[in-house]
>>> print(open('structure07.txt').read())   # compact mmCIF, N, CA and C atoms
# COMPACT_ATOMS: atom_id res chain seq x y z
N MET A 13 0.85 -1.18 0.00
CA MET A 13 0.00 0.00 0.00
C MET A 13 0.90 1.24 0.00
N PRO A 14 0.65 2.19 -0.90
CA PRO A 14 1.49 3.39 -0.94
C PRO A 14 1.30 4.25 0.30
N ASP A 15 2.32 5.05 0.54
CA ASP A 15 2.31 5.97 1.67
C ASP A 15 1.11 6.92 1.54
N PRO A 16 0.29 7.10 2.59
CA PRO A 16 -0.88 7.99 2.49
C PRO A 16 -0.50 9.44 2.17
N ALA A 17 0.61 9.91 2.69
CA ALA A 17 1.04 11.29 2.40
C ALA A 17 1.37 11.45 0.92
N LEU A 18 2.03 10.45 0.35
CA LEU A 18 2.35 10.48 -1.08
C LEU A 18 1.07 10.44 -1.91
N ARG A 19 0.14 9.62 -1.51
CA ARG A 19 -1.13 9.51 -2.24
C ARG A 19 -1.89 10.84 -2.21
N ARG A 20 -1.86 11.56 -1.10
CA ARG A 20 -2.54 12.86 -1.01
C ARG A 20 -1.90 13.87 -1.94
N ARG A 21 -0.58 13.80 -2.13
CA ARG A 21 0.09 14.74 -3.03
C ARG A 21 -0.20 14.40 -4.49
N LEU A 22 -0.35 13.13 -4.81
CA LEU A 22 -0.56 12.72 -6.19
C LEU A 22 -1.99 12.90 -6.65
N LEU A 23 -2.94 12.66 -5.77
CA LEU A 23 -4.34 12.71 -6.16
C LEU A 23 -5.17 13.22 -4.99
N ARG A 24 -5.65 14.45 -5.11
CA ARG A 24 -6.44 15.06 -4.05
C ARG A 24 -7.86 15.30 -4.53
N PRO A 25 -8.80 15.46 -3.59
CA PRO A 25 -10.15 15.82 -4.01
C PRO A 25 -10.14 17.21 -4.66
N MET A 26 -11.16 17.49 -5.42
CA MET A 26 -11.24 18.75 -6.16
C MET A 26 -12.03 19.78 -5.35
N PRO A 27 -11.36 20.55 -4.47
CA PRO A 27 -12.09 21.54 -3.67
C PRO A 27 -12.37 22.80 -4.49
N PRO A 28 -13.49 23.47 -4.20
CA PRO A 28 -13.73 24.74 -4.90
C PRO A 28 -12.75 25.81 -4.39
N ARG A 29 -12.45 26.75 -5.25
CA ARG A 29 -11.57 27.85 -4.87
C ARG A 29 -12.29 28.74 -3.86
N ASP A 30 -11.56 29.23 -2.88
CA ASP A 30 -12.13 30.09 -1.85
C ASP A 30 -12.38 31.48 -2.44
N PRO A 31 -13.64 31.92 -2.55
CA PRO A 31 -13.91 33.24 -3.13
C PRO A 31 -13.43 34.38 -2.24
N GLY A 32 -13.17 34.10 -0.97
CA GLY A 32 -12.69 35.13 -0.05
C GLY A 32 -11.17 35.29 -0.07
N GLU A 33 -10.49 34.47 -0.84
CA GLU A 33 -9.03 34.53 -0.91
C GLU A 33 -8.61 35.79 -1.68
N HIS A 34 -7.78 36.60 -1.06
CA HIS A 34 -7.35 37.85 -1.69
C HIS A 34 -5.91 37.75 -2.14
N HIS A 35 -5.61 38.39 -3.24
CA HIS A 35 -4.24 38.56 -3.74
C HIS A 35 -3.54 37.22 -3.97
N ARG A 36 -4.22 36.29 -4.59
CA ARG A 36 -3.59 35.01 -4.92
C ARG A 36 -2.69 35.23 -6.13
N ALA A 37 -1.44 34.87 -5.99
CA ALA A 37 -0.50 35.01 -7.09
C ALA A 37 -0.62 33.81 -8.03
N ALA A 38 -0.35 34.04 -9.30
CA ALA A 38 -0.39 32.96 -10.28
C ALA A 38 0.79 32.01 -10.02
N THR A 39 0.53 30.72 -10.22
CA THR A 39 1.61 29.74 -10.06
C THR A 39 2.49 29.75 -11.30
N THR A 40 3.64 29.14 -11.19
CA THR A 40 4.55 29.04 -12.33
C THR A 40 3.90 28.27 -13.46
N LEU A 41 3.18 27.22 -13.15
CA LEU A 41 2.49 26.43 -14.17
C LEU A 41 1.43 27.27 -14.88
N GLU A 42 0.69 28.09 -14.16
CA GLU A 42 -0.31 28.95 -14.78
C GLU A 42 0.33 29.96 -15.72
N LEU A 43 1.46 30.50 -15.32
CA LEU A 43 2.17 31.46 -16.18
C LEU A 43 2.70 30.78 -17.44
N LEU A 44 3.23 29.58 -17.29
CA LEU A 44 3.70 28.83 -18.46
C LEU A 44 2.53 28.48 -19.37
N PHE A 45 1.41 28.10 -18.79
CA PHE A 45 0.21 27.78 -19.56
C PHE A 45 -0.20 28.98 -20.42
N ASP A 46 -0.27 30.16 -19.82
CA ASP A 46 -0.64 31.36 -20.57
C ASP A 46 0.38 31.67 -21.66
N LEU A 47 1.65 31.48 -21.37
CA LEU A 47 2.70 31.74 -22.36
C LEU A 47 2.57 30.82 -23.57
N VAL A 48 2.24 29.57 -23.34
CA VAL A 48 2.04 28.62 -24.45
C VAL A 48 0.90 29.11 -25.34
N PHE A 49 -0.16 29.60 -24.77
CA PHE A 49 -1.27 30.08 -25.58
C PHE A 49 -0.93 31.39 -26.28
N VAL A 50 -0.09 32.21 -25.68
CA VAL A 50 0.38 33.42 -26.36
C VAL A 50 1.18 33.03 -27.60
N ILE A 51 1.99 31.99 -27.50
CA ILE A 51 2.75 31.52 -28.66
C ILE A 51 1.81 31.04 -29.76
N ALA A 52 0.76 30.32 -29.40
CA ALA A 52 -0.19 29.84 -30.40
C ALA A 52 -0.91 31.00 -31.08
N ILE A 53 -1.32 32.00 -30.33
CA ILE A 53 -1.99 33.16 -30.92
C ILE A 53 -1.01 33.97 -31.76
N ALA A 54 0.23 34.08 -31.32
CA ALA A 54 1.24 34.79 -32.11
C ALA A 54 1.48 34.10 -33.45
N SER A 55 1.43 32.77 -33.45
CA SER A 55 1.58 32.02 -34.69
C SER A 55 0.42 32.33 -35.64
N ALA A 56 -0.78 32.39 -35.11
CA ALA A 56 -1.94 32.74 -35.93
C ALA A 56 -1.84 34.18 -36.43
N ALA A 57 -1.38 35.09 -35.59
CA ALA A 57 -1.21 36.48 -36.00
C ALA A 57 -0.16 36.62 -37.09
N ALA A 58 0.91 35.83 -37.01
CA ALA A 58 1.94 35.86 -38.06
C ALA A 58 1.36 35.37 -39.38
N GLY A 59 0.53 34.33 -39.33
CA GLY A 59 -0.13 33.85 -40.54
C GLY A 59 -1.05 34.91 -41.13
N LEU A 60 -1.78 35.61 -40.29
CA LEU A 60 -2.64 36.70 -40.76
C LEU A 60 -1.81 37.80 -41.41
N HIS A 61 -0.71 38.16 -40.78
CA HIS A 61 0.18 39.19 -41.33
C HIS A 61 0.67 38.82 -42.73
N HIS A 62 1.12 37.57 -42.88
CA HIS A 62 1.62 37.12 -44.18
C HIS A 62 0.50 37.10 -45.22
N ALA A 63 -0.69 36.67 -44.83
CA ALA A 63 -1.81 36.64 -45.77
C ALA A 63 -2.18 38.05 -46.24
N ILE A 64 -2.20 38.99 -45.31
CA ILE A 64 -2.53 40.38 -45.69
C ILE A 64 -1.44 40.96 -46.58
N SER A 65 -0.18 40.71 -46.24
CA SER A 65 0.92 41.28 -47.03
C SER A 65 0.99 40.67 -48.43
N GLU A 66 0.43 39.48 -48.62
CA GLU A 66 0.41 38.85 -49.94
C GLU A 66 -0.87 39.15 -50.70
N GLY A 67 -1.74 39.98 -50.13
CA GLY A 67 -2.96 40.38 -50.81
C GLY A 67 -4.12 39.41 -50.66
N HIS A 68 -4.08 38.56 -49.64
CA HIS A 68 -5.15 37.60 -49.40
C HIS A 68 -5.81 37.90 -48.05
N ALA A 69 -6.25 39.13 -47.89
CA ALA A 69 -6.77 39.56 -46.59
C ALA A 69 -8.01 38.78 -46.17
N THR A 70 -8.94 38.57 -47.07
CA THR A 70 -10.17 37.88 -46.71
C THR A 70 -9.90 36.45 -46.26
N ASP A 71 -9.10 35.72 -47.05
CA ASP A 71 -8.73 34.36 -46.65
C ASP A 71 -7.97 34.37 -45.33
N GLY A 72 -7.07 35.33 -45.17
CA GLY A 72 -6.28 35.41 -43.95
C GLY A 72 -7.13 35.68 -42.73
N ILE A 73 -8.09 36.56 -42.87
CA ILE A 73 -8.97 36.87 -41.73
C ILE A 73 -9.82 35.66 -41.34
N LEU A 74 -10.34 34.97 -42.34
CA LEU A 74 -11.16 33.79 -42.05
C LEU A 74 -10.33 32.69 -41.39
N ARG A 75 -9.12 32.46 -41.88
CA ARG A 75 -8.27 31.43 -41.30
C ARG A 75 -7.78 31.83 -39.92
N PHE A 76 -7.50 33.13 -39.74
CA PHE A 76 -7.12 33.60 -38.41
C PHE A 76 -8.27 33.41 -37.42
N ALA A 77 -9.49 33.74 -37.87
CA ALA A 77 -10.65 33.58 -36.99
C ALA A 77 -10.84 32.11 -36.59
N LEU A 78 -10.65 31.20 -37.54
CA LEU A 78 -10.76 29.77 -37.24
C LEU A 78 -9.71 29.35 -36.22
N ALA A 79 -8.46 29.74 -36.45
CA ALA A 79 -7.38 29.37 -35.54
C ALA A 79 -7.56 30.02 -34.17
N PHE A 80 -7.90 31.31 -34.17
CA PHE A 80 -8.04 32.02 -32.91
C PHE A 80 -9.18 31.44 -32.08
N PHE A 81 -10.30 31.12 -32.72
CA PHE A 81 -11.43 30.56 -31.99
C PHE A 81 -11.04 29.24 -31.32
N ALA A 82 -10.35 28.37 -32.05
CA ALA A 82 -9.96 27.07 -31.48
C ALA A 82 -8.99 27.26 -30.32
N ILE A 83 -8.02 28.14 -30.49
CA ILE A 83 -7.03 28.40 -29.44
C ILE A 83 -7.70 29.04 -28.22
N PHE A 84 -8.49 30.07 -28.47
CA PHE A 84 -9.13 30.80 -27.37
C PHE A 84 -10.13 29.92 -26.62
N TRP A 85 -10.86 29.08 -27.35
CA TRP A 85 -11.85 28.23 -26.69
C TRP A 85 -11.16 27.25 -25.73
N GLY A 86 -10.04 26.68 -26.16
CA GLY A 86 -9.29 25.79 -25.29
C GLY A 86 -8.75 26.51 -24.06
N TRP A 87 -8.23 27.72 -24.27
CA TRP A 87 -7.70 28.51 -23.15
C TRP A 87 -8.83 28.90 -22.19
N LEU A 88 -9.95 29.34 -22.73
CA LEU A 88 -11.05 29.80 -21.90
C LEU A 88 -11.62 28.67 -21.04
N ASN A 89 -11.78 27.49 -21.64
CA ASN A 89 -12.33 26.36 -20.88
C ASN A 89 -11.43 25.99 -19.71
N PHE A 90 -10.13 25.91 -19.95
CA PHE A 90 -9.23 25.56 -18.86
C PHE A 90 -9.18 26.66 -17.81
N THR A 91 -9.12 27.90 -18.23
CA THR A 91 -9.02 29.01 -17.29
C THR A 91 -10.25 29.08 -16.40
N TRP A 92 -11.42 28.85 -16.99
CA TRP A 92 -12.63 28.83 -16.18
C TRP A 92 -12.57 27.70 -15.16
N PHE A 93 -12.15 26.53 -15.60
CA PHE A 93 -12.05 25.38 -14.71
C PHE A 93 -11.06 25.66 -13.58
N ALA A 94 -9.87 26.17 -13.93
CA ALA A 94 -8.83 26.40 -12.94
C ALA A 94 -9.21 27.51 -11.96
N SER A 95 -10.05 28.45 -12.40
CA SER A 95 -10.46 29.50 -11.48
C SER A 95 -11.60 29.04 -10.57
N ALA A 96 -12.28 27.97 -10.95
CA ALA A 96 -13.38 27.46 -10.12
C ALA A 96 -12.91 26.45 -9.09
N TYR A 97 -11.86 25.69 -9.42
CA TYR A 97 -11.38 24.63 -8.54
C TYR A 97 -9.92 24.88 -8.19
N ASP A 98 -9.57 24.58 -6.97
CA ASP A 98 -8.21 24.82 -6.51
C ASP A 98 -7.56 23.48 -6.18
N ASN A 99 -7.02 22.86 -7.20
CA ASN A 99 -6.38 21.57 -7.01
C ASN A 99 -5.03 21.61 -7.69
N ASP A 100 -4.00 21.30 -6.96
CA ASP A 100 -2.65 21.36 -7.52
C ASP A 100 -1.93 20.03 -7.30
N ASP A 101 -2.64 18.93 -7.52
CA ASP A 101 -2.00 17.63 -7.36
C ASP A 101 -1.28 17.23 -8.64
N ALA A 102 -0.66 16.08 -8.62
CA ALA A 102 0.14 15.63 -9.76
C ALA A 102 -0.72 15.41 -11.00
N LEU A 103 -1.91 14.83 -10.85
CA LEU A 103 -2.79 14.59 -11.99
C LEU A 103 -3.20 15.90 -12.65
N PHE A 104 -3.52 16.91 -11.84
CA PHE A 104 -3.89 18.22 -12.38
C PHE A 104 -2.73 18.81 -13.18
N ARG A 105 -1.53 18.70 -12.68
CA ARG A 105 -0.36 19.24 -13.38
C ARG A 105 -0.10 18.50 -14.68
N VAL A 106 -0.19 17.18 -14.66
CA VAL A 106 0.05 16.39 -15.88
C VAL A 106 -1.00 16.72 -16.94
N LEU A 107 -2.27 16.79 -16.54
CA LEU A 107 -3.31 17.11 -17.52
C LEU A 107 -3.19 18.54 -18.03
N THR A 108 -2.72 19.45 -17.21
CA THR A 108 -2.46 20.81 -17.67
C THR A 108 -1.37 20.80 -18.74
N MET A 109 -0.35 19.99 -18.55
CA MET A 109 0.72 19.88 -19.55
C MET A 109 0.22 19.22 -20.83
N VAL A 110 -0.73 18.29 -20.71
CA VAL A 110 -1.34 17.69 -21.91
C VAL A 110 -2.07 18.78 -22.70
N ILE A 111 -2.81 19.62 -22.01
CA ILE A 111 -3.52 20.71 -22.69
C ILE A 111 -2.53 21.66 -23.34
N MET A 112 -1.43 21.96 -22.67
CA MET A 112 -0.40 22.81 -23.26
C MET A 112 0.21 22.15 -24.50
N ALA A 113 0.41 20.84 -24.47
CA ALA A 113 0.95 20.14 -25.63
C ALA A 113 -0.02 20.26 -26.81
N GLY A 114 -1.31 20.16 -26.55
CA GLY A 114 -2.29 20.35 -27.61
C GLY A 114 -2.23 21.74 -28.21
N ALA A 115 -2.04 22.75 -27.36
CA ALA A 115 -1.92 24.12 -27.86
C ALA A 115 -0.66 24.28 -28.71
N LEU A 116 0.42 23.62 -28.32
CA LEU A 116 1.65 23.70 -29.12
C LEU A 116 1.50 22.98 -30.45
N VAL A 117 0.76 21.88 -30.46
CA VAL A 117 0.47 21.19 -31.74
C VAL A 117 -0.34 22.13 -32.63
N MET A 118 -1.30 22.81 -32.05
CA MET A 118 -2.08 23.78 -32.84
C MET A 118 -1.20 24.91 -33.35
N ALA A 119 -0.30 25.41 -32.51
CA ALA A 119 0.59 26.50 -32.93
C ALA A 119 1.47 26.05 -34.09
N ALA A 120 1.96 24.82 -34.03
CA ALA A 120 2.81 24.30 -35.11
C ALA A 120 2.01 24.05 -36.38
N SER A 121 0.69 23.88 -36.27
CA SER A 121 -0.13 23.60 -37.45
C SER A 121 -0.61 24.85 -38.16
N ILE A 122 -0.42 25.99 -37.56
CA ILE A 122 -0.94 27.24 -38.14
C ILE A 122 -0.37 27.52 -39.54
N PRO A 123 0.93 27.35 -39.78
CA PRO A 123 1.43 27.60 -41.15
C PRO A 123 0.74 26.72 -42.20
N GLN A 124 0.45 25.46 -41.87
CA GLN A 124 -0.26 24.58 -42.81
C GLN A 124 -1.70 25.07 -43.02
N LEU A 125 -2.29 25.57 -41.96
CA LEU A 125 -3.66 26.09 -42.05
C LEU A 125 -3.71 27.28 -43.01
N PHE A 126 -2.76 28.18 -42.91
CA PHE A 126 -2.76 29.35 -43.77
C PHE A 126 -2.31 29.04 -45.19
N ALA A 127 -1.37 28.10 -45.35
CA ALA A 127 -0.85 27.81 -46.69
C ALA A 127 -1.84 27.03 -47.54
N ALA A 128 -2.46 26.01 -46.97
CA ALA A 128 -3.29 25.12 -47.80
C ALA A 128 -4.62 24.76 -47.14
N LEU A 129 -5.02 25.47 -46.13
CA LEU A 129 -6.24 25.16 -45.38
C LEU A 129 -6.26 23.71 -44.92
N ASP A 130 -5.07 23.22 -44.53
CA ASP A 130 -4.94 21.87 -44.00
C ASP A 130 -5.19 21.93 -42.50
N ILE A 131 -6.34 21.43 -42.07
CA ILE A 131 -6.74 21.57 -40.67
C ILE A 131 -6.55 20.30 -39.86
N ARG A 132 -5.95 19.28 -40.45
CA ARG A 132 -5.81 18.00 -39.73
C ARG A 132 -5.00 18.15 -38.44
N ALA A 133 -3.84 18.79 -38.50
CA ALA A 133 -3.01 18.95 -37.30
C ALA A 133 -3.67 19.92 -36.31
N THR A 134 -4.39 20.90 -36.82
CA THR A 134 -5.11 21.82 -35.94
C THR A 134 -6.18 21.06 -35.15
N ILE A 135 -6.90 20.19 -35.84
CA ILE A 135 -7.91 19.38 -35.17
C ILE A 135 -7.26 18.43 -34.16
N LEU A 136 -6.12 17.86 -34.52
CA LEU A 136 -5.41 16.98 -33.59
C LEU A 136 -5.04 17.74 -32.32
N GLY A 137 -4.50 18.94 -32.46
CA GLY A 137 -4.16 19.75 -31.28
C GLY A 137 -5.38 20.06 -30.44
N TYR A 138 -6.49 20.38 -31.10
CA TYR A 138 -7.73 20.68 -30.38
C TYR A 138 -8.23 19.44 -29.63
N VAL A 139 -8.15 18.28 -30.28
CA VAL A 139 -8.59 17.04 -29.62
C VAL A 139 -7.71 16.74 -28.41
N ILE A 140 -6.42 16.96 -28.53
CA ILE A 140 -5.52 16.75 -27.38
C ILE A 140 -5.92 17.65 -26.22
N MET A 141 -6.21 18.92 -26.53
CA MET A 141 -6.64 19.84 -25.47
C MET A 141 -7.93 19.38 -24.83
N ARG A 142 -8.88 18.95 -25.63
CA ARG A 142 -10.17 18.52 -25.10
C ARG A 142 -10.03 17.25 -24.26
N LEU A 143 -9.16 16.34 -24.68
CA LEU A 143 -8.94 15.12 -23.88
C LEU A 143 -8.38 15.47 -22.51
N GLY A 144 -7.48 16.45 -22.46
CA GLY A 144 -6.97 16.92 -21.16
C GLY A 144 -8.07 17.48 -20.30
N MET A 145 -8.98 18.25 -20.90
CA MET A 145 -10.09 18.81 -20.13
C MET A 145 -11.06 17.73 -19.68
N ILE A 146 -11.28 16.73 -20.51
CA ILE A 146 -12.15 15.62 -20.10
C ILE A 146 -11.55 14.94 -18.87
N GLY A 147 -10.24 14.74 -18.89
CA GLY A 147 -9.58 14.15 -17.73
C GLY A 147 -9.73 15.01 -16.47
N LEU A 148 -9.67 16.31 -16.62
CA LEU A 148 -9.84 17.18 -15.46
C LEU A 148 -11.28 17.12 -14.92
N TRP A 149 -12.23 17.11 -15.82
CA TRP A 149 -13.63 17.05 -15.36
C TRP A 149 -13.93 15.71 -14.75
>>> encode(input="structure07.txt", output="structure tokens")
Amino acid sequence: MPDPALRRRLLRPMPPRDPGEHHRAATTLELLFDLVFVIAIASAAAGLHHAISEGHATDGILRFALAFFAIFWGWLNFTWFASAYDNDDALFRVLTMVIMAGALVMAASIPQLFAALDIRATILGYVIMRLGMIGLW
């Protein structure tokens, strides 16, 4: 039987966040999570910039909107979840990293999305993010 203290660190119940808690600082993992999504949005913005500079503004805007919606929806769902529940066990951290990996897959797929409207890797990244959220729920 594993040590009870170790088990509590690895897997804890999901308590709600205390609404009376003031001045809670962001954790390092939360900051890294946000940075990963900034990279994904920056990749989409670079694709939009290239599309506009090549004279394909309408296509660029539509593809940017598609990419931004997928990225933002994944970020919003996790952020809402993390602000509602205060759990920092090992499973929560691993699933957060899975969601970040999905966002990075999406960021890497943005050039293909803009060049040839190839959305397969974008969908794969989105599915990875959603699987991480399913695990958290």
>>> residues_around(input="structure07.txt", residues="A:Leu136", least_positions_apart="4", cutoff="10 Å", atoms="only C-alpha atoms", output="list of chain:residue names")
A:Gly114, A:Ala115, A:Val117, A:Met118, A:Ser121, A:Ile131, A:Arg132, A:Ile140, A:Met141, A:Arg142
>>> residues_near_point(input="structure07.txt", point="(-5.4, 28.3, -12.2)", cutoff="8 Å", atoms="only C-alpha atoms", output="NGL selection string")
:A and (38-39 or 42 or 91 or 93-95 or 97-98)
>>> axis_aligned_box(input="structure07.txt", around="stretch 28-38 of chain A", padding_each_side="5 Å", output="AutoDock Vina command-line options")
--center_x -6.6 --center_y 31.0 --center_z -5.2 --size_x 24.7 --size_y 25.1 --size_z 20.2
>>> closest_residue(input="structure07.txt", among="A:Gly67, A:Gly59, A:Gly144, A:Gly86", to="A:Leu125", atoms="only C-alpha atoms")
A:Gly59
>>> select_by_dssp(input="structure07.txt", residues="chain A", states="alpha helix (DSSP H)", output="ChimeraX atom specification")
/A:16-22,40-65,69-96,102-128,132-148
>>> atom_distance(input="structure07.txt", atom1="atom CA of A:Ile64", atom2="atom N of A:Ala82")
19.8 Å
>>> decode(input="structure07.txt", residues="stretch 61-78 of chain A", atoms="N, CA, C and O atoms", output="PDB file, in the first residue's frame")
ATOM      1  N   HIS A  61      -0.706  38.160 -40.782  1.00  0.00           N
ATOM      2  CA  HIS A  61       0.177  39.195 -41.331  1.00  0.00           C
ATOM      3  C   HIS A  61       0.673  38.816 -42.726  1.00  0.00           C
ATOM      4  O   HIS A  61       0.647  39.630 -43.651  1.00  0.00           O
ATOM      5  N   HIS A  62       1.118  37.568 -42.877  1.00  0.00           N
ATOM      6  CA  HIS A  62       1.618  37.119 -44.176  1.00  0.00           C
ATOM      7  C   HIS A  62       0.503  37.097 -45.222  1.00  0.00           C
ATOM      8  O   HIS A  62       0.723  37.466 -46.372  1.00  0.00           O
ATOM      9  N   ALA A  63      -0.690  36.672 -44.827  1.00  0.00           N
ATOM     10  CA  ALA A  63      -1.811  36.642 -45.768  1.00  0.00           C
ATOM     11  C   ALA A  63      -2.179  38.047 -46.235  1.00  0.00           C
ATOM     12  O   ALA A  63      -2.410  38.273 -47.433  1.00  0.00           O
ATOM     13  N   ILE A  64      -2.200  38.987 -45.313  1.00  0.00           N
ATOM     14  CA  ILE A  64      -2.526  40.378 -45.686  1.00  0.00           C
ATOM     15  C   ILE A  64      -1.442  40.964 -46.577  1.00  0.00           C
ATOM     16  O   ILE A  64      -1.737  41.617 -47.580  1.00  0.00           O
ATOM     17  N   SER A  65      -0.185  40.712 -46.237  1.00  0.00           N
ATOM     18  CA  SER A  65       0.915  41.276 -47.035  1.00  0.00           C
ATOM     19  C   SER A  65       0.989  40.671 -48.434  1.00  0.00           C
ATOM     20  O   SER A  65       1.528  41.294 -49.346  1.00  0.00           O
ATOM     21  N   GLU A  66       0.432  39.481 -48.620  1.00  0.00           N
ATOM     22  CA  GLU A  66       0.411  38.848 -49.939  1.00  0.00           C
ATOM     23  C   GLU A  66      -0.874  39.149 -50.701  1.00  0.00           C
ATOM     24  O   GLU A  66      -1.091  38.617 -51.792  1.00  0.00           O
ATOM     25  N   GLY A  67      -1.740  39.975 -50.128  1.00  0.00           N
ATOM     26  CA  GLY A  67      -2.957  40.379 -50.813  1.00  0.00           C
ATOM     27  C   GLY A  67      -4.122  39.412 -50.656  1.00  0.00           C
ATOM     28  O   GLY A  67      -5.060  39.443 -51.449  1.00  0.00           O
ATOM     29  N   HIS A  68      -4.084  38.562 -49.644  1.00  0.00           N
ATOM     30  CA  HIS A  68      -5.152  37.600 -49.395  1.00  0.00           C
ATOM     31  C   HIS A  68      -5.812  37.896 -48.046  1.00  0.00           C
ATOM     32  O   HIS A  68      -5.950  37.011 -47.200  1.00  0.00           O
ATOM     33  N   ALA A  69      -6.248  39.129 -47.887  1.00  0.00           N
ATOM     34  CA  ALA A  69      -6.767  39.560 -46.592  1.00  0.00           C
ATOM     35  C   ALA A  69      -8.012  38.784 -46.169  1.00  0.00           C
ATOM     36  O   ALA A  69      -8.122  38.364 -45.015  1.00  0.00           O
ATOM     37  N   THR A  70      -8.939  38.573 -47.074  1.00  0.00           N
ATOM     38  CA  THR A  70     -10.174  37.884 -46.713  1.00  0.00           C
ATOM     39  C   THR A  70      -9.896  36.453 -46.257  1.00  0.00           C
ATOM     40  O   THR A  70     -10.387  36.021 -45.208  1.00  0.00           O
ATOM     41  N   ASP A  71      -9.099  35.720 -47.047  1.00  0.00           N
ATOM     42  CA  ASP A  71      -8.727  34.361 -46.647  1.00  0.00           C
ATOM     43  C   ASP A  71      -7.966  34.372 -45.328  1.00  0.00           C
ATOM     44  O   ASP A  71      -8.189  33.520 -44.470  1.00  0.00           O
ATOM     45  N   GLY A  72      -7.072  35.325 -45.174  1.00  0.00           N
ATOM     46  CA  GLY A  72      -6.277  35.411 -43.953  1.00  0.00           C
ATOM     47  C   GLY A  72      -7.127  35.675 -42.726  1.00  0.00           C
ATOM     48  O   GLY A  72      -6.922  35.058 -41.673  1.00  0.00           O
ATOM     49  N   ILE A  73      -8.094  36.561 -42.865  1.00  0.00           N
ATOM     50  CA  ILE A  73      -8.966  36.874 -41.729  1.00  0.00           C
ATOM     51  C   ILE A  73      -9.816  35.664 -41.343  1.00  0.00           C
ATOM     52  O   ILE A  73      -9.970  35.353 -40.162  1.00  0.00           O
ATOM     53  N   LEU A  74     -10.343  34.971 -42.344  1.00  0.00           N
ATOM     54  CA  LEU A  74     -11.162  33.788 -42.049  1.00  0.00           C
ATOM     55  C   LEU A  74     -10.332  32.688 -41.392  1.00  0.00           C
ATOM     56  O   LEU A  74     -10.777  32.056 -40.428  1.00  0.00           O
ATOM     57  N   ARG A  75      -9.122  32.462 -41.879  1.00  0.00           N
ATOM     58  CA  ARG A  75      -8.267  31.428 -41.299  1.00  0.00           C
ATOM     59  C   ARG A  75      -7.780  31.833 -39.916  1.00  0.00           C
ATOM     60  O   ARG A  75      -7.672  30.996 -39.018  1.00  0.00           O
ATOM     61  N   PHE A  76      -7.500  33.126 -39.736  1.00  0.00           N
ATOM     62  CA  PHE A  76      -7.118  33.605 -38.411  1.00  0.00           C
ATOM     63  C   PHE A  76      -8.269  33.412 -37.425  1.00  0.00           C
ATOM     64  O   PHE A  76      -8.059  32.971 -36.292  1.00  0.00           O
ATOM     65  N   ALA A  77      -9.488  33.736 -37.868  1.00  0.00           N
ATOM     66  CA  ALA A  77     -10.651  33.577 -36.988  1.00  0.00           C
ATOM     67  C   ALA A  77     -10.835  32.112 -36.588  1.00  0.00           C
ATOM     68  O   ALA A  77     -11.116  31.817 -35.426  1.00  0.00           O
ATOM     69  N   LEU A  78     -10.650  31.196 -37.543  1.00  0.00           N
ATOM     70  CA  LEU A  78     -10.756  29.769 -37.243  1.00  0.00           C
ATOM     71  C   LEU A  78      -9.709  29.350 -36.216  1.00  0.00           C
ATOM     72  O   LEU A  78     -10.024  28.705 -35.217  1.00  0.00           O
TER      73      LEU A  78
END
